[in-house]
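Visitor: Compact mmCIF, C-alpha atoms, file my_file_5.txt:
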# COMPACT_ATOMS: atom_id res chain seq x y z
CA MET A 1 -39.93 1.09 -48.86
CA LYS A 2 -39.23 -2.64 -48.83
CA LEU A 3 -39.55 -3.99 -45.29
CA PRO A 4 -36.97 -6.55 -44.09
CA TYR A 5 -39.63 -9.14 -43.35
CA ASN A 6 -43.36 -9.46 -42.79
CA VAL A 7 -44.29 -8.18 -39.35
CA ASP A 8 -47.63 -7.01 -38.03
CA PHE A 9 -47.80 -3.93 -35.81
CA ASN A 10 -51.43 -3.38 -36.71
CA GLY A 11 -53.20 -1.29 -34.07
CA LYS A 12 -50.01 -0.48 -32.16
CA VAL A 13 -49.31 3.16 -31.37
CA VAL A 14 -45.63 3.86 -32.01
CA VAL A 15 -44.03 7.13 -30.88
CA VAL A 16 -40.75 8.03 -32.60
CA THR A 17 -38.67 10.97 -31.39
CA GLY A 18 -36.15 12.53 -33.74
CA ALA A 19 -38.36 11.53 -36.66
CA GLY A 20 -37.41 14.63 -38.61
CA GLY A 21 -34.02 13.06 -39.36
CA VAL A 22 -33.16 10.39 -41.90
CA LEU A 23 -32.56 7.58 -39.41
CA CYS A 24 -35.69 7.89 -37.30
CA GLY A 25 -37.75 9.11 -40.21
CA THR A 26 -37.00 5.79 -41.89
CA MET A 27 -38.11 3.95 -38.74
CA ALA A 28 -41.34 5.96 -38.54
CA ARG A 29 -42.17 5.18 -42.18
CA ALA A 30 -41.42 1.49 -41.66
CA PHE A 31 -43.66 1.16 -38.62
CA ALA A 32 -46.48 2.94 -40.44
CA GLN A 33 -46.03 0.60 -43.40
CA ALA A 34 -46.17 -2.36 -40.98
CA GLY A 35 -49.61 -1.28 -39.77
CA ALA A 36 -48.80 0.86 -36.74
CA LYS A 37 -50.34 4.22 -35.90
CA VAL A 38 -47.24 6.41 -35.79
CA ALA A 39 -46.63 9.63 -33.89
CA ALA A 40 -43.57 11.32 -35.41
CA LEU A 41 -41.95 13.84 -33.06
CA ASP A 42 -39.20 16.34 -33.79
CA ARG A 43 -38.18 19.94 -33.09
CA ASN A 44 -38.49 20.50 -36.83
CA GLU A 45 -42.26 20.64 -37.25
CA GLU A 46 -42.05 21.08 -41.01
CA ALA A 47 -40.05 17.88 -41.39
CA VAL A 48 -42.43 15.66 -39.39
CA LYS A 49 -45.53 17.20 -40.94
CA LYS A 50 -44.05 16.43 -44.36
CA LEU A 51 -43.24 12.88 -43.28
CA ALA A 52 -46.74 12.36 -41.90
CA GLY A 53 -48.34 13.71 -45.06
CA GLU A 54 -46.30 11.40 -47.27
CA CYS A 55 -47.21 8.38 -45.11
CA ARG A 56 -50.91 9.22 -45.19
CA ALA A 57 -50.75 9.68 -48.96
CA GLU A 58 -49.59 6.06 -49.17
CA GLY A 59 -52.53 4.92 -47.05
CA PHE A 60 -50.75 4.64 -43.69
CA VAL A 61 -51.50 6.26 -40.32
CA CYS A 62 -48.99 8.87 -39.18
CA GLU A 63 -49.24 12.21 -37.41
CA GLY A 64 -46.45 14.74 -36.99
CA TYR A 65 -45.89 16.72 -33.79
CA GLN A 66 -43.46 19.51 -32.97
CA ALA A 67 -41.69 18.56 -29.75
CA ASN A 68 -38.48 19.40 -27.94
CA VAL A 69 -37.37 16.30 -26.03
CA LEU A 70 -35.69 18.50 -23.41
CA GLU A 71 -38.93 20.25 -22.43
CA PRO A 72 -41.11 18.21 -20.02
CA GLU A 73 -44.06 20.58 -20.40
CA THR A 74 -44.01 20.25 -24.18
CA LEU A 75 -43.74 16.47 -23.96
CA ALA A 76 -46.71 16.33 -21.57
CA ARG A 77 -48.77 18.39 -24.02
CA VAL A 78 -47.77 16.24 -27.00
CA HIS A 79 -48.42 13.06 -25.02
CA ALA A 80 -51.96 14.20 -24.33
CA GLN A 81 -52.48 15.05 -28.00
CA VAL A 82 -51.11 11.71 -29.18
CA ARG A 83 -53.48 9.88 -26.82
CA LYS A 84 -56.36 11.89 -28.24
CA ASP A 85 -55.37 11.43 -31.88
CA LEU A 86 -54.03 7.87 -31.91
CA GLY A 87 -54.41 6.30 -28.47
CA PRO A 88 -52.00 5.35 -25.66
CA CYS A 89 -48.40 4.56 -26.57
CA ASP A 90 -47.43 0.90 -27.09
CA ILE A 91 -43.91 1.35 -28.44
CA LEU A 92 -41.53 4.26 -27.81
CA ILE A 93 -38.50 4.79 -30.05
CA ASN A 94 -36.13 7.24 -28.35
CA GLY A 95 -34.35 8.41 -31.46
CA ALA A 96 -33.57 12.06 -30.70
CA GLY A 97 -29.87 12.69 -30.12
CA GLY A 98 -26.69 13.88 -31.74
CA ASN A 99 -23.39 15.65 -31.34
CA ASN A 100 -22.29 19.29 -31.37
CA PRO A 101 -19.19 20.88 -32.95
CA LYS A 102 -18.48 22.70 -29.66
CA ALA A 103 -17.91 19.30 -28.04
CA THR A 104 -15.61 17.97 -30.78
CA THR A 105 -11.82 18.27 -31.03
CA ASP A 106 -10.04 19.00 -34.31
CA ASN A 107 -7.38 16.34 -33.76
CA GLU A 108 -7.44 12.72 -32.74
CA TYR A 109 -4.33 13.10 -30.58
CA GLN A 110 -3.18 16.01 -28.44
CA HIS A 111 0.44 15.78 -29.61
CA GLU A 112 -0.70 16.38 -33.20
CA ALA A 113 -2.54 19.60 -32.39
CA LYS A 114 -1.48 22.69 -34.29
CA GLU A 115 -1.87 26.32 -33.34
CA GLY A 116 -5.39 27.56 -33.87
CA GLN A 117 -6.98 24.13 -33.74
CA LYS A 118 -9.52 23.16 -31.08
CA THR A 119 -8.00 20.74 -28.60
CA PHE A 120 -9.42 18.88 -25.63
CA PHE A 121 -8.58 21.91 -23.50
CA ASP A 122 -10.70 24.15 -25.74
CA LEU A 123 -13.89 22.10 -25.56
CA ASP A 124 -16.84 24.30 -24.69
CA ALA A 125 -18.48 23.36 -21.38
CA ASP A 126 -21.92 24.41 -22.62
CA GLY A 127 -21.44 22.35 -25.77
CA VAL A 128 -20.50 19.27 -23.77
CA ASP A 129 -23.47 19.83 -21.46
CA PHE A 130 -25.80 20.15 -24.45
CA VAL A 131 -24.63 16.84 -25.93
CA PHE A 132 -25.21 15.00 -22.66
CA LYS A 133 -28.61 16.59 -22.20
CA LEU A 134 -29.73 15.94 -25.76
CA ASN A 135 -28.79 12.27 -25.67
CA PHE A 136 -29.44 11.26 -22.07
CA GLN A 137 -32.19 13.59 -20.90
CA GLY A 138 -33.57 13.48 -24.43
CA THR A 139 -34.16 9.78 -23.79
CA LEU A 140 -35.18 9.97 -20.13
CA LEU A 141 -37.79 12.74 -20.47
CA PRO A 142 -39.80 11.20 -23.36
CA THR A 143 -39.76 7.90 -21.47
CA GLN A 144 -41.24 9.64 -18.44
CA ALA A 145 -43.96 11.10 -20.64
CA PHE A 146 -44.96 8.05 -22.72
CA ALA A 147 -44.09 5.01 -20.58
CA LYS A 148 -46.96 5.97 -18.25
CA ASP A 149 -49.31 4.52 -20.88
CA MET A 150 -47.39 1.23 -20.82
CA VAL A 151 -47.47 1.03 -17.03
CA GLU A 152 -51.26 1.47 -17.12
CA LYS A 153 -51.64 -1.38 -19.64
CA GLU A 154 -48.85 -3.53 -18.18
CA SER A 155 -47.38 -3.99 -21.66
CA GLY A 156 -45.14 -2.13 -24.02
CA CYS A 157 -41.69 -1.71 -25.46
CA ILE A 158 -39.05 1.01 -25.28
CA LEU A 159 -36.21 1.10 -27.79
CA ASN A 160 -33.26 3.44 -27.25
CA ILE A 161 -30.55 4.40 -29.73
CA SER A 162 -27.08 3.76 -28.38
CA SER A 163 -23.94 3.62 -30.54
CA MET A 164 -20.79 1.65 -31.14
CA ASN A 165 -19.18 4.60 -29.34
CA ALA A 166 -20.69 3.18 -26.17
CA TYR A 167 -18.42 0.12 -26.41
CA THR A 168 -15.20 1.83 -27.45
CA PRO A 169 -15.07 5.64 -27.66
CA LEU A 170 -14.14 7.25 -30.95
CA THR A 171 -11.53 9.96 -31.13
CA LYS A 172 -12.60 13.63 -31.40
CA ILE A 173 -16.08 13.18 -29.85
CA PRO A 174 -15.69 12.55 -26.09
CA ALA A 175 -19.04 13.97 -25.04
CA TYR A 176 -21.04 12.02 -27.61
CA SER A 177 -19.22 8.79 -26.79
CA GLY A 178 -19.81 9.26 -23.06
CA ALA A 179 -23.46 10.16 -23.57
CA LYS A 180 -24.12 7.05 -25.66
CA ALA A 181 -22.41 4.89 -23.02
CA ALA A 182 -24.90 6.39 -20.59
CA ILE A 183 -27.75 5.37 -22.91
CA SER A 184 -26.61 1.73 -22.85
CA ASN A 185 -26.44 1.80 -19.07
CA PHE A 186 -29.83 3.52 -18.84
CA THR A 187 -31.34 0.88 -21.11
CA GLN A 188 -30.37 -1.82 -18.63
CA TRP A 189 -31.65 0.29 -15.76
CA LEU A 190 -35.02 0.78 -17.43
CA ALA A 191 -35.28 -2.92 -18.28
CA THR A 192 -34.87 -3.75 -14.62
CA HIS A 193 -37.08 -0.94 -13.32
CA PHE A 194 -40.00 -1.79 -15.60
CA ALA A 195 -39.69 -5.58 -15.57
CA GLY A 196 -42.50 -5.98 -13.05
CA SER A 197 -44.69 -3.73 -15.20
CA LYS A 198 -44.19 -6.08 -18.17
CA ILE A 199 -42.41 -3.42 -20.22
CA ARG A 200 -39.34 -4.43 -22.20
CA CYS A 201 -36.51 -1.99 -22.87
CA ASN A 202 -33.68 -2.60 -25.34
CA ALA A 203 -31.40 -0.58 -27.58
CA ILE A 204 -29.64 -0.79 -30.90
CA ALA A 205 -26.04 0.34 -31.39
CA PRO A 206 -25.69 1.46 -35.01
CA GLY A 207 -22.29 1.38 -36.60
CA PHE A 208 -21.13 4.04 -39.02
CA LEU A 209 -23.85 5.67 -41.08
CA VAL A 210 -23.53 8.73 -43.28
CA SER A 211 -25.85 11.47 -42.04
CA LYS A 212 -26.21 15.25 -42.22
CA GLN A 213 -24.48 15.51 -38.85
CA ASN A 214 -21.31 13.61 -39.73
CA ARG A 215 -20.98 14.01 -43.50
CA ALA A 216 -18.40 16.78 -43.14
CA LEU A 217 -16.24 14.47 -41.01
CA LEU A 218 -16.46 11.65 -43.55
CA PHE A 219 -16.25 13.36 -46.93
CA HIS A 220 -14.54 16.40 -48.40
CA GLU A 221 -16.64 19.00 -50.22
CA ASP A 222 -15.75 17.35 -53.54
CA GLY A 223 -17.15 14.03 -52.31
CA THR A 224 -13.87 12.25 -51.79
CA PRO A 225 -13.45 10.31 -48.52
CA THR A 226 -11.55 11.88 -45.65
CA ALA A 227 -8.75 10.11 -43.81
CA ARG A 228 -11.28 9.31 -41.09
CA THR A 229 -13.49 7.48 -43.58
CA GLN A 230 -10.53 5.47 -44.81
CA LYS A 231 -9.73 4.43 -41.24
CA ILE A 232 -13.36 3.51 -40.55
CA LEU A 233 -13.77 1.37 -43.65
CA GLY A 234 -10.33 -0.14 -43.14
CA GLY A 235 -11.50 -1.29 -39.72
CA THR A 236 -14.84 -2.65 -40.97
CA PRO A 237 -14.65 -6.24 -42.33
CA THR A 238 -17.41 -5.61 -44.86
CA GLY A 239 -15.65 -2.44 -46.02
CA ARG A 240 -18.75 -0.27 -46.11
CA PHE A 241 -21.04 2.01 -44.13
CA VAL A 242 -24.39 0.88 -42.73
CA GLU A 243 -27.53 2.07 -44.52
CA SER A 244 -30.42 3.44 -42.43
CA GLU A 245 -32.85 0.81 -43.74
CA GLU A 246 -30.49 -1.94 -42.55
CA LEU A 247 -31.39 -1.05 -38.96
CA LEU A 248 -35.03 -1.99 -39.47
CA GLY A 249 -34.65 -5.74 -39.05
CA GLY A 250 -33.15 -5.33 -35.59
CA VAL A 251 -35.61 -2.60 -34.66
CA PHE A 252 -38.63 -4.66 -35.69
CA PHE A 253 -37.32 -7.76 -33.96
CA LEU A 254 -36.70 -6.05 -30.62
CA CYS A 255 -40.09 -4.30 -30.74
CA ASP A 256 -42.05 -7.44 -31.67
CA GLU A 257 -43.67 -8.66 -28.46
CA LYS A 258 -43.90 -12.21 -29.80
CA ALA A 259 -40.46 -12.60 -31.35
CA ALA A 260 -38.57 -10.87 -28.52
CA SER A 261 -40.86 -11.52 -25.56
CA ALA A 262 -37.97 -12.67 -23.33
CA ILE A 263 -35.46 -10.10 -24.55
CA THR A 264 -34.96 -7.01 -22.40
CA GLY A 265 -31.94 -5.03 -21.32
CA VAL A 266 -29.82 -5.81 -24.39
CA VAL A 267 -27.93 -3.50 -26.76
CA LEU A 268 -27.80 -4.93 -30.28
CA PRO A 269 -24.86 -3.89 -32.48
CA ILE A 270 -25.74 -3.29 -36.12
CA ASP A 271 -22.33 -2.32 -37.40
CA ALA A 272 -21.32 -4.24 -40.56
CA GLY A 273 -18.82 -6.17 -38.49
CA PHE A 274 -16.88 -3.21 -37.06
CA SER A 275 -16.91 -4.53 -33.49
CA ALA A 276 -15.69 -7.98 -34.58
CA TYR A 277 -12.40 -6.77 -36.05
CA CYS A 278 -9.38 -5.89 -33.89
CA GLY A 279 -7.43 -4.34 -36.73
CA VAL A 280 -5.06 -7.25 -37.32
Could you show the structure in this file as structure tokens?

Guide:
Amino acid sequence: MKLPYNVDFNGKVVVVTGAGGVLCGTMARAFAQAGAKVAALDRNEEAVKKLAGECRAEGFVCEGYQANVLEPETLARVHAQVRKDLGPCDILINGAGGNNPKATTDNEYQHEAKEGQKTFFDLDADGVDFVFKLNFQGTLLPTQAFAKDMVEKESGCILNISSMNAYTPLTKIPAYSGAKAAISNFTQWLATHFAGSKIRCNAIAPGFLVSKQNRALLFHEDGTPTARTQKILGGTPTGRFVESEELLGGVFFLCDEKAASAITGVVLPIDAGFSAYCGV
């Protein structure tokens, strides 16, 4: 992987949740390549073990751990193991999150709903609850587990993953949009709460990326773009999606204690210009 610029995280212990996915897996690889000792966490143990093995084969330091970010007991156990294997956490990337079909409507507008389609009134309460828990508690609980190391050292950095949904909600996904808005708010709260402990907390707000979770919304089975994709790209000045590796420059910058020493409580859009265009 070609890093966006030369940065030295040598000796830093970086914990990445959600590292079994493409987005956070890319971040975990990048931090390892930049000299960090990386703890890759995910519910999918096979995925993070594979990631860790590939990083070590390239000469980098990375360990994979099975962890459910909604289970405090599991996080406490993994935290203890990470301290034993790699040392106390210096940087925490709260990358675990996502949406759920049970919390998604079939139509953008209620008046367009057809019989048999899932409308706002059909949204599953448990599905909505799961989305909020996965995104919000899935950020809060790992922070409780790993930020203790930073408090002890009076140094460290927390990076959350918000979304452009947090600024203006997208149609069809009310729970995910609301949960990401909560992440932006929580980022500011954490920045204030930990300021006296010399811990910085920021977030990135990725624009539209193609992932396993949203591919079905963006492309038909034959690979052609859906109407939603056409609307997205039509509203993006650069006319394209964001690639996962394009997030790394912002991630590295916000986590660099020298470059961003006075930056805390911000949410950085990385959206190919989507938020700059009003549609006219």

Visitor: Compile the contact shell of Val128 in chain A as a list in words: residues with an atom at most 12 Å away, counting only C-alpha atoms, same-chain residues fewer than 5 positions apart removed.

Guide: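 Contacts, with the query itself left out: Gly98, Asn99, Asn100, Pro101, Lys102, Ala103, Thr104, Thr105, Phe120, Asp122, Leu123, Lys133, Leu134, Asn135, Ile173, Pro174, Ala175, Tyr176, Ser177, Gly178 and Ala179 of chain A.
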
Visitor: To one decimal place in Å, what is the distance between CA of Thr192 in chain A and CA of Ile158 in chain A?

Guide: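 Distance reported for this atom pair: 12.4 Å.
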
Visitor: Set out as a tab-separated table a contact list for range 8-68 of chain A and range 246-259 of chain A with a cut-off of 8 Å, giving each residue of range 8-68 of chain A that qualifies its closest atom pair and distance in Å to one decimal, counting all atoms listed in the file, ordered by chain and rising residue number.

Guide:
residue	atom	partner	partner_atom	distance
A:Phe9	CA	A:Asp256	CA	7.9
A:Met27	CA	A:Leu248	CA	6.7
A:Ala30	CA	A:Leu248	CA	7.6

Visitor: Considering only C-alpha atoms, state which residue in the set A:Gln230, A:Thr74, A:Ser184, A:Ser155 is at the smallest distance from Arg200 in chain A.

Guide: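 The closest residue to Arg200 in chain A is A:Ser155.
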
Visitor: Smallest atom-to-atom distance to Leu140 in chain A: which of A:Val7, A:Leu41, A:Leu75, A:Ile232, using only C-alpha atoms?

Guide: A:Leu75

Visitor: Could you check the closest approach to Asn165 in chain A for each of A:Lys118, A:Arg77, A:Lys180, A:His111 and tell me which residue wins, using all atoms listed in the file?

Guide: A:Lys180

Visitor: Near range 222-229 of chain A, counting all atoms listed in the file, which residues have an atom at most 12 Å away, once you skip same-chain residues fewer than 5 positions from it, shown as a ChimeraX atom specification?

Guide: /A:106-108,170-172,208-210,214-217,234-236,239-241

Visitor: Which value, in Å to one decimal, gives the distance between CA of Ala36 in chain A and CA of Val48 in chain A?

Guide: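 Taking CA of Ala36 in chain A as the start and CA of Val48 in chain A as the end point, the length is 16.3 Å.
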
Visitor: Using only C-alpha atoms, which of A:Gly196, A:Gly53, A:Ala28, A:Gln188 sits nearest Gly265 in chain A?

Guide: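 Selected residue with least distance to Gly265 in chain A: A:Gln188.
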
Visitor: For Val151 in chain A, find every residue with an atom within 10 Å (counting all atoms listed in the file), except residues of its own chain fewer than 4 positions away, and show them as a ChimeraX atom specification.

Guide: /A:146-147,155-156,194,196-199
